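S.K.: This structure is in structure tokens; I'll ask about it shortly.
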Amino acid sequence: MSGHRPRPPALRAGLIGLVFGALAVHLAVVGVLLMVHQRWIVIDTLTLGQATLVLLATSAGAMAASRLAAQGDAFARGAVGHLTLGAIAGAACGVPIAVLTAMIVLLPLQSIFIALSPDLLDMLTVGQGPELGVPILLVGAALCGLLGAALSLAPSGLRRALIPGAVTVLVAGVFQELIQLMLQQYEGVVTDVREFFYTWDGLSLQGAVGLFVIATLLGLLFRRAQRRLVARRGPPDPKRTRMMWAGIAMLVLVLMPALAGSYIGQVLMLVGLYILMGMGLNLEVGLAGLLDLGFVAFFAVGAYTTAILTADSPHALMQLPYWGAMPVAVLMSICVGVLFGLPVLGIRGDYLAVATMGLGEIVRVLVMSDFAAPLLGGAQGVLQIPKPRIGDYVLSTPVALFYLTLVCSAVAAFVAWRLENSRLGRAWMALRDDEDVAQALGINLVRSKLLAYGLGAAFAGLAGSIFATMLTSVYPSSFQLLISINVLALIIVGGMGSLPGVVLGSIALIGLPELLREFGEYRYLFYGAALIVMMRLRPEGLWPSETRQRELHSRDETLALDAGSDPVPAQGD
Amino acid sequence: MARLNAVDVALWGMRVTVVLVVVVGTIGTLVKDRYTIAQWVDFVVFGLTIGAIYAQIALGYTMVYGVLRMINFAHGDFVMCGAFAGYFVATPLDRSGYLQDHPVLGMSAILVVAVITSTAIALLTERVAYRPFRRVTGLAPLICAIGVSFFLEQTFRGMFGSAVKSYPSPAWQRSTFDVFGFNVPRVDFLVIVLAVFFMGGLYLIVQRTRMGTAMRAVAEDGETAALMGIDVNKVVVFTFFLGGAMAGIAGVFYAFVYKQVYFFMGFTPGVKAFGAAVLGGIGNIPGAMLGGLFLGMVESIGPTLFLDGLGIPAPYQLRDLIAFTLLIMVLIFRPQGLLGEKMAKKRA
């Protein structure tokens, strides 16, 4: 493609717009668009679905205009050209949506594509009917593109000033149920404040404007204070600022369930379980470079061991208190981890991923079968698992269990952190970077790999044990391959080999979809997209560790097959 | 080496256990003699049918591995896409009675639509998701492929719903006919014959055409092939085209055999077919065909032959267990496959 005569700028802007439009069509056909349309950001004014479309068209305009300008296109450099290209890209973004709208009207598509309902049509045509709605859609898209281009032309100070307000309104509107629930616990001034910003159903228009203004002002003040501080003491260490923010976030996380009630407690407890598992898989994938897709097996072992040792059911071997069963569950997971690692010691890379996935599936098929049913309860599972108790206090509420998970996670994080900097941790990293060299340097491959599997499994076993007592029952259907994928996705998004990355990844991938409950069914769509996008744009993750990345970045350029072509099409031509 | 011995012992223990289970189970089953010859023939026919489908899917894995050295984790989902596309043609054709009255034309229409859909999705996937990783080694391409797999599954789930849809099954498919005195279901016969036909066609394309020759050259040594003036990009696209077409056909067949479609249906046959590709020697086209048939047979006969004799209840539930065990055994003990493909040794 390189070497061809460059296409005219309008065409290139149009193509970029079309890509964004195709994205919007995908969201519509899959059903996400209508789903998010049902959630208001500002009540009776703006839904999340409309905001999504506006955002897509605006980004199309901004991206087309700034990219063409960055590539040195003379037309895009001038202000008029810049804005024109933005509008063209915005309009092009509207075209696929308009075509979709026309097709919904003309063809009986809903019999095949279940998401293309009259409601969606109503949303896309802004409730005006197709004859009026389609032109409105196209003009609106072009205006959004224009706005995007204008924003990309505006000084960066202005753009940055707008961000805090926009984000605050978005968060306050989308999570209104939760925030209101939290605020309703208190009376007096809090009630007055809540009633200023919120109506019963959501964020009111005056509340949105108020919040926007407040957040923008606070943002400006904060930036000014920061600038003054920088002038006095020199630029801050980015690492320290980041740690400070992480500390604040952790504090909020720790205190939130106690303040905000049991629903948040439950969500955060799930996040905590995934943090535990994520740290475990992180030892295997992030440090030792062993891509394990059968990780859920260890989680299952922990859960089932706890169940069999404590439950009040015919399948139970004995009725230990929870605290007696938990260490056994962890030990069992370690044993299974080592047993699991033993056969796959000699397998590397891609084959290892498939082999571990096969092992995980074997565990699941066995647990489901009638063959193991006398011991594990088959498809019915094991019921009646007691809650843990301390003295006379039963940890029965989600909030109490959250604090149990938190304590376990803290201990596990300490272990993981010490492991990372230990001799063993360094051996793992050597193994990850080059197995043959590591062996030549005297690292015992067998021992390090088995320890990676065993210790990784211990974390998952602990999580499984808590999971069993949380649900008070275990079923084989809780232990799908999808859990392995969840854990893998969260450590990749967070940053492989990075402990804060695991926390960040869990909150983003487990906590957020749990809070936006209707997202539940589309969660894996976003995970899939997140894996692709992360690998393309930021393979080191959102919060990368300092020493890693080598596993993901190419060391071996000689394997390249296509010498002539353009490796990154999006930035090419 | 002294320490490695413990591992060797464990691995040998595994081999011995598997062989023991197979031998003792087989003897037990044969001694009990609970199954008639006709039942065994049924198992074999079903094994050939499902094996032929696995073989077709395995071809996609093997060809892509040959030219790109990557596992196309999403290949199983191309199968699902084909099955779904076929479903939306087959259902109206079946309702109107056309599929019953004109089986040849009806089946062709279903297959054509399925093939177009899966090849389109395969080519799109290659262009959007895989091409940027052409020069990248390590885990990134595989993780990206896992992402593609989930993205495709969930896209189809969102478009068509998560319920299992039952595939139409016209009367002529349900009837059986007589082969050497045994009743063979028509669907099975059709699937075996057509699969062999399509795979034969693919083999000829790869062996005889210019493009096929270029493909083999790239598989052998991509860099040298590029220096010889072969357009590697074109070859990769062609490979995904062939693999996608085979996956589409296999998807329709799989759906006709199991009489259902749903968004996650591609996963299990995908993993198994990958096993079949490794079994035959990854990168080796006849190997993938043989591996698929072998896996199908083992999976179909295995539960009864090996496990029934051990007194295990409902052995059929453990069918996937046998397939996955076979997959892992191959990966551990013979990663170069039955046909001893030389490429497997080169990979680190």
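Naming works like this for the structure tokens: A, B, ... for the chains as they're shown, residue 1 at the start of each chain, ligands 1 onward in shown order.
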Mind checking which residues fall within 10 Å of A:Cys93, counting only C-alpha atoms, ignoring those fewer than 4 positions away in the same chain, and posting them as a VMD selection string?

M.R.: chain A and resid 13 to 25 53 56 to 61 87 to 89 97 to 98 138 141 to 142 144 to 145

S.K.: Residues near A:Leu445, anyone? I mean within 9 Å using only C-alpha atoms, not counting same-chain ones fewer than 3 positions away, as a ChimeraX atom specification.

M.R.: /A:345,427-428,431,435,438-439,442,448-450

S.K.: Take the residues from that selection and write them out as a PDB file, in the first residue's frame, keeping C-alpha atoms.

M.R.:
```
ATOM      1  CA  LEU A 345       6.518 -29.427  31.996  1.00  0.00           C
ATOM      2  CA  ALA A 427      14.302 -17.524  38.295  1.00  0.00           C
ATOM      3  CA  TRP A 428      10.756 -17.324  36.929  1.00  0.00           C
ATOM      4  CA  LEU A 431      12.494 -18.659  32.544  1.00  0.00           C
ATOM      5  CA  GLU A 435      13.971 -21.052  28.935  1.00  0.00           C
ATOM      6  CA  ALA A 438      17.770 -19.954  32.115  1.00  0.00           C
ATOM      7  CA  GLN A 439      18.580 -23.621  32.223  1.00  0.00           C
ATOM      8  CA  GLY A 442      21.704 -23.262  36.380  1.00  0.00           C
ATOM      9  CA  SER A 448      10.700 -23.490  39.269  1.00  0.00           C
ATOM     10  CA  LYS A 449       7.878 -24.472  36.948  1.00  0.00           C
ATOM     11  CA  LEU A 450       6.227 -26.788  39.427  1.00  0.00           C
TER      12      LEU A 450
END
```

S.K.: Just want the 10 Å neighbourhood of B:Ala83, counted on only C-alpha atoms, with same-chain residues fewer than 3 positions away dropped. Output as an mmCIF file with C-alpha atoms, in the first residue's frame.

M.R.:
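Here's the written file selection-v2.cif:
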```cif
data_model
loop_
_atom_site.group_PDB
_atom_site.id
_atom_site.type_symbol
_atom_site.label_atom_id
_atom_site.label_comp_id
_atom_site.auth_asym_id
_atom_site.auth_seq_id
_atom_site.Cartn_x
_atom_site.Cartn_y
_atom_site.Cartn_z
ATOM 1 C CA ASP B 77 -15.738 -19.835 15.813
ATOM 2 C CA PHE B 78 -15.511 -19.674 12.029
ATOM 3 C CA VAL B 79 -17.211 -23.070 12.212
ATOM 4 C CA MET B 80 -19.945 -21.573 14.367
ATOM 5 C CA GLY B 86 -26.511 -22.163 7.119
ATOM 6 C CA TYR B 87 -29.246 -22.173 9.725
ATOM 7 C CA PHE B 88 -30.834 -19.026 8.384
ATOM 8 C CA ALA B 90 -31.908 -24.026 5.936
ATOM 9 C CA ILE B 110 -26.971 -23.798 2.466
ATOM 10 C CA LEU B 111 -23.334 -24.683 1.919
ATOM 11 C CA VAL B 113 -24.067 -19.214 2.102
ATOM 12 C CA ALA B 114 -22.193 -20.831 4.976
ATOM 13 C CA VAL B 115 -18.936 -20.806 3.029
ATOM 14 C CA THR B 117 -20.031 -16.145 5.575
ATOM 15 C CA SER B 118 -17.174 -17.992 7.186
ATOM 16 C CA TYR B 167 -31.374 -27.211 13.098
ATOM 17 C CA ALA B 247 -14.757 -24.345 8.475
ATOM 18 C CA GLY B 248 -18.044 -23.140 6.954
ATOM 19 C CA ILE B 249 -18.735 -26.523 5.377
ATOM 20 C CA ALA B 250 -17.771 -28.301 8.580
ATOM 21 C CA GLY B 251 -20.065 -26.008 10.567
ATOM 22 C CA VAL B 252 -23.081 -26.931 8.442
ATOM 23 C CA PHE B 253 -22.243 -30.627 8.696
ATOM 24 C CA TYR B 254 -21.702 -30.445 12.434
ATOM 25 C CA ALA B 255 -25.035 -28.711 12.870
ATOM 26 C CA PHE B 256 -26.831 -31.260 10.683
ATOM 27 C CA GLN B 260 -28.564 -27.665 16.845
ATOM 28 C CA VAL B 261 -26.720 -24.348 16.710
ATOM 29 C CA TYR B 262 -25.707 -21.952 19.453
ATOM 30 C CA PHE B 263 -23.044 -19.316 19.849
ATOM 31 C CA MET B 265 -20.833 -24.481 19.599
ATOM 32 C CA GLY B 266 -17.519 -23.865 17.877
#
```

S.K.: Taking only C-alpha atoms into account and nothing else, which residues of chain B lie no more than 6 Å away from chain A? Please answer as an mmCIF file with C-alpha atoms, in the first residue's frame.

M.R.:
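Saved to iface09.cif:
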```
data_model
loop_
_atom_site.group_PDB
_atom_site.id
_atom_site.type_symbol
_atom_site.label_atom_id
_atom_site.label_comp_id
_atom_site.auth_asym_id
_atom_site.auth_seq_id
_atom_site.Cartn_x
_atom_site.Cartn_y
_atom_site.Cartn_z
ATOM 1 C CA PRO B 132 -0.679 -6.377 12.817
ATOM 2 C CA ARG B 135 6.106 -9.841 13.046
ATOM 3 C CA VAL B 136 5.351 -10.268 16.747
ATOM 4 C CA THR B 137 6.422 -13.343 18.627
ATOM 5 C CA GLY B 138 5.556 -14.333 22.160
ATOM 6 C CA LEU B 139 2.143 -14.476 23.735
ATOM 7 C CA ALA B 140 0.554 -11.418 22.107
ATOM 8 C CA CYS B 144 -5.297 -11.555 20.557
ATOM 9 C CA GLY B 147 -9.916 -12.141 22.181
ATOM 10 C CA VAL B 148 -11.136 -12.591 18.600
ATOM 11 C CA PHE B 150 -14.709 -14.303 22.365
ATOM 12 C CA PHE B 151 -15.599 -11.290 20.299
ATOM 13 C CA GLN B 154 -20.481 -12.795 21.773
ATOM 14 C CA THR B 155 -21.283 -10.904 18.593
ATOM 15 C CA GLY B 158 -25.937 -10.632 20.709
ATOM 16 C CA MET B 159 -27.272 -10.834 17.151
ATOM 17 C CA PHE B 160 -29.154 -14.116 17.366
ATOM 18 C CA GLY B 222 8.573 -17.747 4.471
ATOM 19 C CA GLU B 223 11.589 -15.514 4.009
ATOM 20 C CA VAL B 232 3.331 -13.636 1.155
ATOM 21 C CA PRO B 313 -21.512 -45.512 34.854
ATOM 22 C CA LEU B 321 -12.565 -36.582 28.578
ATOM 23 C CA PHE B 324 -8.972 -34.125 25.724
ATOM 24 C CA ILE B 328 -2.821 -33.804 26.032
#
```

S.K.: For atom CA of A:Lys387 and atom CA of A:Ala416, determine how far apart the two atoms are, in Å to one decimal place.

M.R.: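 Taking atom CA of A:Lys387 and atom CA of A:Ala416, their separation equals 27.0 Å.
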
S.K.: Taking the DSSP assignment computed from this structure's backbone, write out as a ChimeraX atom specification all residues of stretch 23-113 of chain A that belong to alpha helix (DSSP H).

M.R.: /A:23-30,32-37,48-70,74-77,79-106

S.K.: Excluding A:Val209 and its own-chain neighbours fewer than 6 positions away, which residues fall within 12 Å of it when counting only C-alpha atoms? Please give them as a ChimeraX atom specification.

M.R.: /A:42,45,165-166,168-170,172-173,196-198,203,215-216

S.K.: Quick one: of B:Ala38, B:Ala163, B:Val196, B:Ile71, who's nearest to B:Val184, counting only C-alpha atoms?

M.R.: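 Among the listed residues, B:Ala38 lies closest to B:Val184.
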
S.K.: Name the residues in contact with A:Val367 at a cut-off of 12 Å, using only C-alpha atoms, excluding same-chain residues fewer than 4 positions from it; report them as a PyMOL selection string.

M.R.: (chain A and resi 297+300-301+304+360-363+371-382+474-480) or (chain B and resi 317-318+321)

S.K.: Go ahead and save the residues from that selection, with C-alpha atoms, as a short mmCIF file (atom, residue, chain, number, x, y, z; two decimals), in the first residue's frame.

M.R.:
```cif
data_model
loop_
_atom_site.label_atom_id
_atom_site.label_comp_id
_atom_site.auth_asym_id
_atom_site.auth_seq_id
_atom_site.Cartn_x
_atom_site.Cartn_y
_atom_site.Cartn_z
CA ALA A 297 -9.43 -26.10 37.90
CA ALA A 300 -12.71 -25.58 41.66
CA VAL A 301 -10.40 -27.72 43.79
CA TYR A 304 -14.89 -28.46 46.37
CA GLY A 360 -9.08 -27.71 32.90
CA GLU A 361 -11.85 -29.15 30.73
CA ILE A 362 -10.99 -32.66 31.92
CA VAL A 363 -11.47 -31.55 35.52
CA PHE A 371 -18.58 -41.31 37.60
CA ALA A 372 -17.50 -38.80 40.25
CA ALA A 373 -21.01 -38.07 41.46
CA PRO A 374 -20.87 -40.23 44.60
CA LEU A 375 -18.00 -38.08 45.83
CA LEU A 376 -18.70 -34.64 44.39
CA GLY A 377 -22.44 -34.60 43.90
CA GLY A 378 -22.43 -34.48 40.08
CA ALA A 379 -24.46 -31.77 38.44
CA GLN A 380 -26.43 -31.13 41.66
CA GLY A 381 -23.31 -30.02 43.48
CA VAL A 382 -22.74 -29.87 47.22
CA VAL A 474 -20.83 -25.44 44.82
CA TYR A 475 -21.97 -26.59 41.41
CA PRO A 476 -19.81 -27.74 38.52
CA SER A 477 -21.42 -25.10 36.32
CA SER A 478 -19.70 -22.39 38.38
CA PHE A 479 -16.32 -23.55 37.12
CA GLN A 480 -16.40 -22.83 33.42
CA GLN B 317 -20.58 -38.47 29.49
CA LEU B 318 -16.82 -38.91 29.51
CA LEU B 321 -12.56 -36.58 28.58
#
```
